Amino acid sequence: MPPNTSMHNISEVDCNLVSERIRLVISNTPRGLHEPCFRGQEKQYLMECIDTGWVSSAGSFVERFEHELAEYTGAKYAIATVNGTAALHTCLMLIGIQPGDEVLLPALSFVATANAVSYCGAIPHFVDSSPLTLGIDSHKLGQHLKECAVWDSNKLINRMSGRPIKAVIPMHTFGHPVDMPPLVELCKLYNLALIEDAAESLGSFSHGKHTGTWGGLSALSFNGNKIITTGGGGAILTDDAELAVRAKHLTTTAKTPHPFNFYHDMVAYNYRLPNLNAALGVAQLEQLNTFLEQKRCLAKRYEEAFSGIRGIRFFTEPENARSNYWLNVLLLDETNADMRDDILEQTNRSGIMTRPCWTLLSRLPMYVNSPKASLMEAERIEKSLINIPSSSFLGSVS
Ligand SMILES: *Cc1c(COP(=O)(O)O)cnc(C)c1O
């Protein structure tokens, strides 16, 4: 039942009103921000693993999960990994990111995006976000590159640091897709590799094409708080057969196939997803469309509930995009941003879990000296954003 709010009755935002409106939508039950939902074949598939003994690094659920992920996203290949961060790290290694390279990524992201770059010995170079998508602003990135980058023979160099700029990692923030076509163009223009951090955006599309299928490689996450979960887990998506083979090799200790011999042809990683986790993933994937419907329903109700309040708005999917509405977002107007902490206090005290945005990565101690563009919009978004309860079952029409 949609809450009875009226556009004619405009109210000014205050702390109590925010709590009240959230409660109207989620009907008085205190909830976490995003809880997993196991209402499918999870137990049956897990029991199958236990009964057959295939719980670990081999078993049929891994391949099944990979196959079904590829089918759902439209990617040619999916390679399951132990988590999303490992997937990102592997993507960066596969395109040959080296110590001393710079990789462009939004300052407004989860720390894993930057950490994966650091694991390669490379340096994150932070760029601004768009208020329309909450993700990388391609136009501003273009302007930034015009100012800060120079060509040295066929290498793109940051003129301030002297280091090569090799790649860009857009992140689809809280499930809302980055507008991909202009970014793809920009990457071509500057010869940048494109790796999508699609950890939050399974089920989200930009211009009808699934997030994570726009560049050469991308990373998904199935951590416990994501739209589907394997407990912990991730995946790499790619259309490139050779990259897919190398991804599998690099994430499975580079063991060359043989019935009994142990032979490894390079230093590689134990980044594989155990069969037990993949079993959970297969069961969860079967429910993804239901989760997506429920989440759209929940988002619609939030949108209505907050439509009659001046000074705050519910963030809706960008143009030309279909969002999975993974974590729902309230944005305060700039003049009301100083209310954010009071709203966080008040809602959490009254049993509604709400959270602020991440601290901008450029302000974390290990990244304060990293190169960065002007981050004006990212700073604005960070100060005014509140995540509100988003579990899919909150949107079920029961
Ligand atoms: C969840 C997430 C990851 C990866 O997380 P894991 O916990 O390693 O699976 C990476 N980037 C973003 C933006 C995320 O939200």
# chains A, B, ... in the order shown; residues from 1 in each chain; ligands from 1

$ closest_atom_pairs --of "chain A" --to "ligand 1" --cutoff "6 Å" --atoms "only C-alpha atoms and all ligand atoms" --output "Markdown table"
| residue | atom | partner | partner_atom_place_in_ligand_line | distance |
| --- | --- | --- | --- | --- |
| A:Asn83 | CA | ligand 1 | 9 (O) | 4.0 |
| A:Gly84 | CA | ligand 1 | 9 (O) | 3.4 |
| A:Thr85 | CA | ligand 1 | 8 (O) | 3.7 |
| A:Ser109 | CA | ligand 1 | 13 (C) | 5.4 |
| A:Phe110 | CA | ligand 1 | 13 (C) | 4.5 |
| A:Ala112 | CA | ligand 1 | 10 (C) | 4.9 |
| A:Thr113 | CA | ligand 1 | 11 (N) | 5.1 |
| A:Asp197 | CA | ligand 1 | 11 (N) | 5.9 |
| A:Ala199 | CA | ligand 1 | 14 (C) | 4.8 |
| A:Glu200 | CA | ligand 1 | 15 (O) | 5.2 |
| A:Ser221 | CA | ligand 1 | 9 (O) | 4.2 |
| A:Phe222 | CA | ligand 1 | 9 (O) | 5.7 |
| A:Asn223 | CA | ligand 1 | 9 (O) | 4.8 |
| A:Gly233 | CA | ligand 1 | 9 (O) | 5.6 |
| A:Gly234 | CA | ligand 1 | 9 (O) | 5.6 |

$ select_by_dssp --residues "stretch 161-391 of chain A" --states "helix (DSSP H, G or I)" --output "ChimeraX atom specification"
/A:173-175,180-190,241-251,275-285,288-306,334-349,361-363,365-367,376-384

$ write_last_selection --atoms "C-alpha atoms" --output "CSV table (one decimal), in the first residue's frame"
chain,number,residue,atom,x,y,z
A,173,THR,CA,27.1,3.7,-7.3
A,174,PHE,CA,24.5,1.9,-5.2
A,175,GLY,CA,23.4,0.2,-8.4
A,180,MET,CA,28.5,4.5,-20.4
A,181,PRO,CA,28.6,5.6,-24.1
A,182,PRO,CA,30.4,8.9,-23.5
A,183,LEU,CA,32.9,7.2,-21.2
A,184,VAL,CA,33.6,4.5,-23.8
A,185,GLU,CA,34.3,7.3,-26.4
A,186,LEU,CA,36.6,9.0,-24.0
A,187,CYS,CA,38.5,5.8,-23.3
A,188,LYS,CA,39.0,5.3,-27.0
A,189,LEU,CA,40.2,8.9,-27.4
A,190,TYR,CA,42.8,8.6,-24.7
A,241,ALA,CA,38.0,-15.7,-24.8
A,242,GLU,CA,41.7,-15.4,-24.2
A,243,LEU,CA,41.2,-13.0,-21.3
A,244,ALA,CA,38.7,-15.5,-19.8
A,245,VAL,CA,41.2,-18.3,-20.0
A,246,ARG,CA,43.9,-16.1,-18.4
A,247,ALA,CA,41.5,-15.0,-15.7
A,248,LYS,CA,40.7,-18.6,-14.8
A,249,HIS,CA,44.4,-19.5,-14.8
A,250,LEU,CA,45.4,-16.5,-12.7
A,251,THR,CA,42.7,-17.1,-10.1
A,275,ASN,CA,31.6,-24.8,-4.7
A,276,LEU,CA,29.7,-24.3,-1.5
A,277,ASN,CA,29.5,-20.5,-2.2
A,278,ALA,CA,28.7,-21.1,-5.8
A,279,ALA,CA,25.7,-23.3,-4.8
A,280,LEU,CA,24.3,-20.4,-2.8
A,281,GLY,CA,24.9,-18.2,-5.8
A,282,VAL,CA,23.0,-20.5,-8.2
A,283,ALA,CA,20.0,-20.5,-5.8
A,284,GLN,CA,20.2,-16.7,-5.4
A,285,LEU,CA,20.5,-16.0,-9.1
A,288,LEU,CA,17.3,-12.2,-8.9
A,289,ASN,CA,14.3,-11.1,-11.1
A,290,THR,CA,12.0,-11.3,-8.0
A,291,PHE,CA,14.5,-9.2,-6.0
A,292,LEU,CA,14.7,-6.6,-8.8
A,293,GLU,CA,10.9,-6.3,-8.9
A,294,GLN,CA,10.6,-6.0,-5.2
A,295,LYS,CA,13.4,-3.4,-5.1
A,296,ARG,CA,11.7,-1.3,-7.8
A,297,CYS,CA,8.5,-1.5,-5.8
A,298,LEU,CA,10.2,-0.3,-2.7
A,299,ALA,CA,11.9,2.5,-4.5
A,300,LYS,CA,8.6,3.7,-6.0
A,301,ARG,CA,7.1,3.8,-2.5
A,302,TYR,CA,10.1,5.8,-1.1
A,303,GLU,CA,9.8,8.2,-4.1
A,304,GLU,CA,6.2,8.9,-3.3
A,305,ALA,CA,6.8,9.2,0.4
A,306,PHE,CA,9.4,11.8,-0.1
A,334,GLU,CA,22.9,21.8,-0.3
A,335,THR,CA,21.3,24.3,2.1
A,336,ASN,CA,20.1,21.5,4.3
A,337,ALA,CA,23.2,19.3,4.2
A,338,ASP,CA,24.0,20.3,7.8
A,339,MET,CA,21.0,18.3,8.9
A,340,ARG,CA,22.5,15.0,7.7
A,341,ASP,CA,24.1,14.0,11.0
A,342,ASP,CA,21.0,14.8,13.0
A,343,ILE,CA,18.9,12.7,10.6
A,344,LEU,CA,21.4,9.8,10.9
A,345,GLU,CA,21.3,10.1,14.7
A,346,GLN,CA,17.5,10.3,14.9
A,347,THR,CA,16.8,7.5,12.5
A,348,ASN,CA,19.3,5.1,14.0
A,349,ARG,CA,18.1,5.9,17.5
A,361,LEU,CA,38.8,7.9,-0.8
A,362,SER,CA,41.1,10.9,-1.4
A,363,ARG,CA,40.8,11.7,2.3
A,365,PRO,CA,45.3,8.3,5.1
A,366,MET,CA,46.8,5.9,2.5
A,367,TYR,CA,45.4,8.0,-0.4
A,376,MET,CA,33.5,19.4,-6.0
A,377,GLU,CA,30.4,17.3,-6.8
A,378,ALA,CA,31.7,14.2,-5.0
A,379,GLU,CA,32.2,16.3,-1.9
A,380,ARG,CA,28.7,17.7,-2.3
A,381,ILE,CA,27.2,14.2,-2.7
A,382,GLU,CA,29.2,12.8,0.2
A,383,LYS,CA,28.0,15.6,2.6
A,384,SER,CA,24.3,15.2,1.7

$ residues_around --residues "A:Arg355" --least-positions-apart "3" --cutoff "8 Å" --atoms "only C-alpha atoms" --output "MDAnalysis selection string"
chainID A and resid 33 344 386:388

$ write_last_selection --atoms "N, CA and C atoms" --output "short mmCIF file (atom, residue, chain, number, x, y, z; two decimals), in the first residue's frame"
data_model
loop_
_atom_site.label_atom_id
_atom_site.label_comp_id
_atom_site.auth_asym_id
_atom_site.auth_seq_id
_atom_site.Cartn_x
_atom_site.Cartn_y
_atom_site.Cartn_z
N LEU A 33 20.29 -2.35 6.70
CA LEU A 33 20.32 -1.59 5.45
C LEU A 33 20.02 -2.50 4.26
N LEU A 344 20.79 11.15 10.65
CA LEU A 344 21.41 9.83 10.91
C LEU A 344 21.22 9.43 12.37
N ILE A 386 22.27 10.04 2.26
CA ILE A 386 21.90 9.11 3.32
C ILE A 386 21.35 7.84 2.67
N ASN A 387 21.91 6.69 3.05
CA ASN A 387 21.37 5.41 2.59
C ASN A 387 20.30 4.95 3.57
N ILE A 388 19.19 4.46 3.03
CA ILE A 388 18.07 4.04 3.86
C ILE A 388 17.75 2.56 3.61
#

$ closest_residue --among "A:Arg272, A:Lys146, A:Lys209, A:His258" --to "A:Gly232" --atoms "only C-alpha atoms"
A:Arg272

$ atom_distance --atom1 "atom CA of A:Gly351" --atom2 "atom CA of A:Tyr325"
22.0 Å

$ decode --residues "stretch 351-381 of chain A" --atoms "N, CA, C and O atoms" --output "mmCIF file, in the first residue's frame"
data_model
loop_
_atom_site.group_PDB
_atom_site.id
_atom_site.type_symbol
_atom_site.label_atom_id
_atom_site.label_comp_id
_atom_site.auth_asym_id
_atom_site.auth_seq_id
_atom_site.Cartn_x
_atom_site.Cartn_y
_atom_site.Cartn_z
ATOM 1 N N GLY A 351 15.656 3.083 15.630
ATOM 2 C CA GLY A 351 15.627 1.706 15.141
ATOM 3 C C GLY A 351 15.566 1.550 13.627
ATOM 4 O O GLY A 351 15.380 0.457 13.125
ATOM 5 N N ILE A 352 15.746 2.646 12.900
ATOM 6 C CA ILE A 352 15.815 2.548 11.428
ATOM 7 C C ILE A 352 17.274 2.687 11.040
ATOM 8 O O ILE A 352 17.889 3.725 11.286
ATOM 9 N N MET A 353 17.829 1.633 10.445
ATOM 10 C CA MET A 353 19.240 1.746 10.083
ATOM 11 C C MET A 353 19.411 2.660 8.873
ATOM 12 O O MET A 353 18.815 2.433 7.822
ATOM 13 N N THR A 354 20.184 3.706 9.042
ATOM 14 C CA THR A 354 20.570 4.581 7.933
ATOM 15 C C THR A 354 22.077 4.768 8.022
ATOM 16 O O THR A 354 22.661 4.591 9.081
ATOM 17 N N ARG A 355 22.692 5.103 6.900
ATOM 18 C CA ARG A 355 24.149 5.250 6.870
ATOM 19 C C ARG A 355 24.546 6.427 5.984
ATOM 20 O O ARG A 355 23.868 6.708 4.998
ATOM 21 N N PRO A 356 25.666 7.087 6.349
ATOM 22 C CA PRO A 356 26.179 8.116 5.437
ATOM 23 C C PRO A 356 26.909 7.450 4.283
ATOM 24 O O PRO A 356 27.101 6.238 4.272
ATOM 25 N N CYS A 357 27.315 8.265 3.334
ATOM 26 C CA CYS A 357 28.129 7.781 2.217
ATOM 27 C C CYS A 357 29.539 7.434 2.734
ATOM 28 O O CYS A 357 29.898 7.782 3.847
ATOM 29 N N TRP A 358 30.331 6.756 1.904
ATOM 30 C CA TRP A 358 31.732 6.512 2.245
ATOM 31 C C TRP A 358 32.467 7.849 2.392
ATOM 32 O O TRP A 358 32.135 8.816 1.725
ATOM 33 N N THR A 359 33.483 7.861 3.246
ATOM 34 C CA THR A 359 34.416 8.995 3.246
ATOM 35 C C THR A 359 35.116 8.987 1.890
ATOM 36 O O THR A 359 35.533 7.916 1.426
ATOM 37 N N LEU A 360 35.239 10.147 1.247
ATOM 38 C CA LEU A 360 35.906 10.182 -0.058
ATOM 39 C C LEU A 360 37.277 9.513 0.064
ATOM 40 O O LEU A 360 38.023 9.776 1.002
ATOM 41 N N LEU A 361 37.601 8.669 -0.909
ATOM 42 C CA LEU A 361 38.850 7.890 -0.849
ATOM 43 C C LEU A 361 40.064 8.802 -0.789
ATOM 44 O O LEU A 361 41.085 8.464 -0.174
ATOM 45 N N SER A 362 39.945 9.976 -1.394
ATOM 46 C CA SER A 362 41.066 10.927 -1.430
ATOM 47 C C SER A 362 41.394 11.477 -0.049
ATOM 48 O O SER A 362 42.439 12.103 0.143
ATOM 49 N N ARG A 363 40.521 11.244 0.926
ATOM 50 C CA ARG A 363 40.802 11.720 2.283
ATOM 51 C C ARG A 363 41.256 10.603 3.228
ATOM 52 O O ARG A 363 41.558 10.851 4.387
ATOM 53 N N LEU A 364 41.296 9.357 2.743
ATOM 54 C CA LEU A 364 41.782 8.261 3.583
ATOM 55 C C LEU A 364 43.310 8.367 3.684
ATOM 56 O O LEU A 364 43.964 8.785 2.722
ATOM 57 N N PRO A 365 43.876 8.005 4.847
ATOM 58 C CA PRO A 365 45.309 8.283 5.073
ATOM 59 C C PRO A 365 46.232 7.718 3.998
ATOM 60 O O PRO A 365 47.203 8.367 3.625
ATOM 61 N N MET A 366 45.900 6.519 3.467
ATOM 62 C CA MET A 366 46.810 5.932 2.478
ATOM 63 C C MET A 366 46.679 6.577 1.103
ATOM 64 O O MET A 366 47.488 6.321 0.217
ATOM 65 N N TYR A 367 45.660 7.418 0.925
ATOM 66 C CA TYR A 367 45.441 8.001 -0.405
ATOM 67 C C TYR A 367 45.475 9.531 -0.428
ATOM 68 O O TYR A 367 45.163 10.142 -1.450
ATOM 69 N N VAL A 368 45.837 10.151 0.713
ATOM 70 C CA VAL A 368 45.805 11.630 0.734
ATOM 71 C C VAL A 368 46.781 12.245 -0.266
ATOM 72 O O VAL A 368 46.560 13.358 -0.745
ATOM 73 N N ASN A 369 47.839 11.539 -0.605
ATOM 74 C CA ASN A 369 48.802 12.110 -1.544
ATOM 75 C C ASN A 369 48.589 11.653 -2.989
ATOM 76 O O ASN A 369 49.398 11.963 -3.857
ATOM 77 N N SER A 370 47.525 10.912 -3.226
ATOM 78 C CA SER A 370 47.249 10.455 -4.589
ATOM 79 C C SER A 370 46.794 11.625 -5.450
ATOM 80 O O SER A 370 46.178 12.563 -4.954
ATOM 81 N N PRO A 371 47.078 11.559 -6.746
ATOM 82 C CA PRO A 371 46.625 12.632 -7.637
ATOM 83 C C PRO A 371 45.106 12.674 -7.698
ATOM 84 O O PRO A 371 44.449 11.640 -7.552
ATOM 85 N N LYS A 372 44.572 13.871 -7.893
ATOM 86 C CA LYS A 372 43.111 13.988 -7.983
ATOM 87 C C LYS A 372 42.702 15.202 -8.807
ATOM 88 O O LYS A 372 43.406 16.201 -8.899
ATOM 89 N N ALA A 373 41.515 15.063 -9.397
ATOM 90 C CA ALA A 373 40.874 16.175 -10.102
ATOM 91 C C ALA A 373 40.128 17.012 -9.069
ATOM 92 O O ALA A 373 40.117 16.676 -7.882
ATOM 93 N N SER A 374 39.500 18.089 -9.514
ATOM 94 C CA SER A 374 38.573 18.796 -8.641
ATOM 95 C C SER A 374 37.449 17.821 -8.282
ATOM 96 O O SER A 374 36.925 17.115 -9.139
ATOM 97 N N LEU A 375 37.114 17.761 -6.990
ATOM 98 C CA LEU A 375 36.121 16.770 -6.541
ATOM 99 C C LEU A 375 34.878 17.453 -5.978
ATOM 100 O O LEU A 375 34.260 16.964 -5.027
ATOM 101 N N MET A 376 34.517 18.563 -6.582
ATOM 102 C CA MET A 376 33.453 19.401 -6.042
ATOM 103 C C MET A 376 32.123 18.657 -5.873
ATOM 104 O O MET A 376 31.516 18.711 -4.811
ATOM 105 N N GLU A 377 31.715 17.963 -6.911
ATOM 106 C CA GLU A 377 30.423 17.271 -6.834
ATOM 107 C C GLU A 377 30.486 16.070 -5.892
ATOM 108 O O GLU A 377 29.550 15.813 -5.144
ATOM 109 N N ALA A 378 31.589 15.354 -5.946
ATOM 110 C CA ALA A 378 31.744 14.203 -5.048
ATOM 111 C C ALA A 378 31.642 14.661 -3.594
ATOM 112 O O ALA A 378 31.004 14.002 -2.766
ATOM 113 N N GLU A 379 32.250 15.818 -3.309
ATOM 114 C CA GLU A 379 32.190 16.345 -1.945
ATOM 115 C C GLU A 379 30.764 16.703 -1.563
ATOM 116 O O GLU A 379 30.315 16.426 -0.447
ATOM 117 N N ARG A 380 30.062 17.324 -2.505
ATOM 118 C CA ARG A 380 28.657 17.674 -2.259
ATOM 119 C C ARG A 380 27.814 16.442 -1.983
ATOM 120 O O ARG A 380 27.005 16.423 -1.059
ATOM 121 N N ILE A 381 27.987 15.442 -2.822
ATOM 122 C CA ILE A 381 27.195 14.215 -2.673
ATOM 123 C C ILE A 381 27.518 13.561 -1.333
ATOM 124 O O ILE A 381 26.630 13.167 -0.574
#
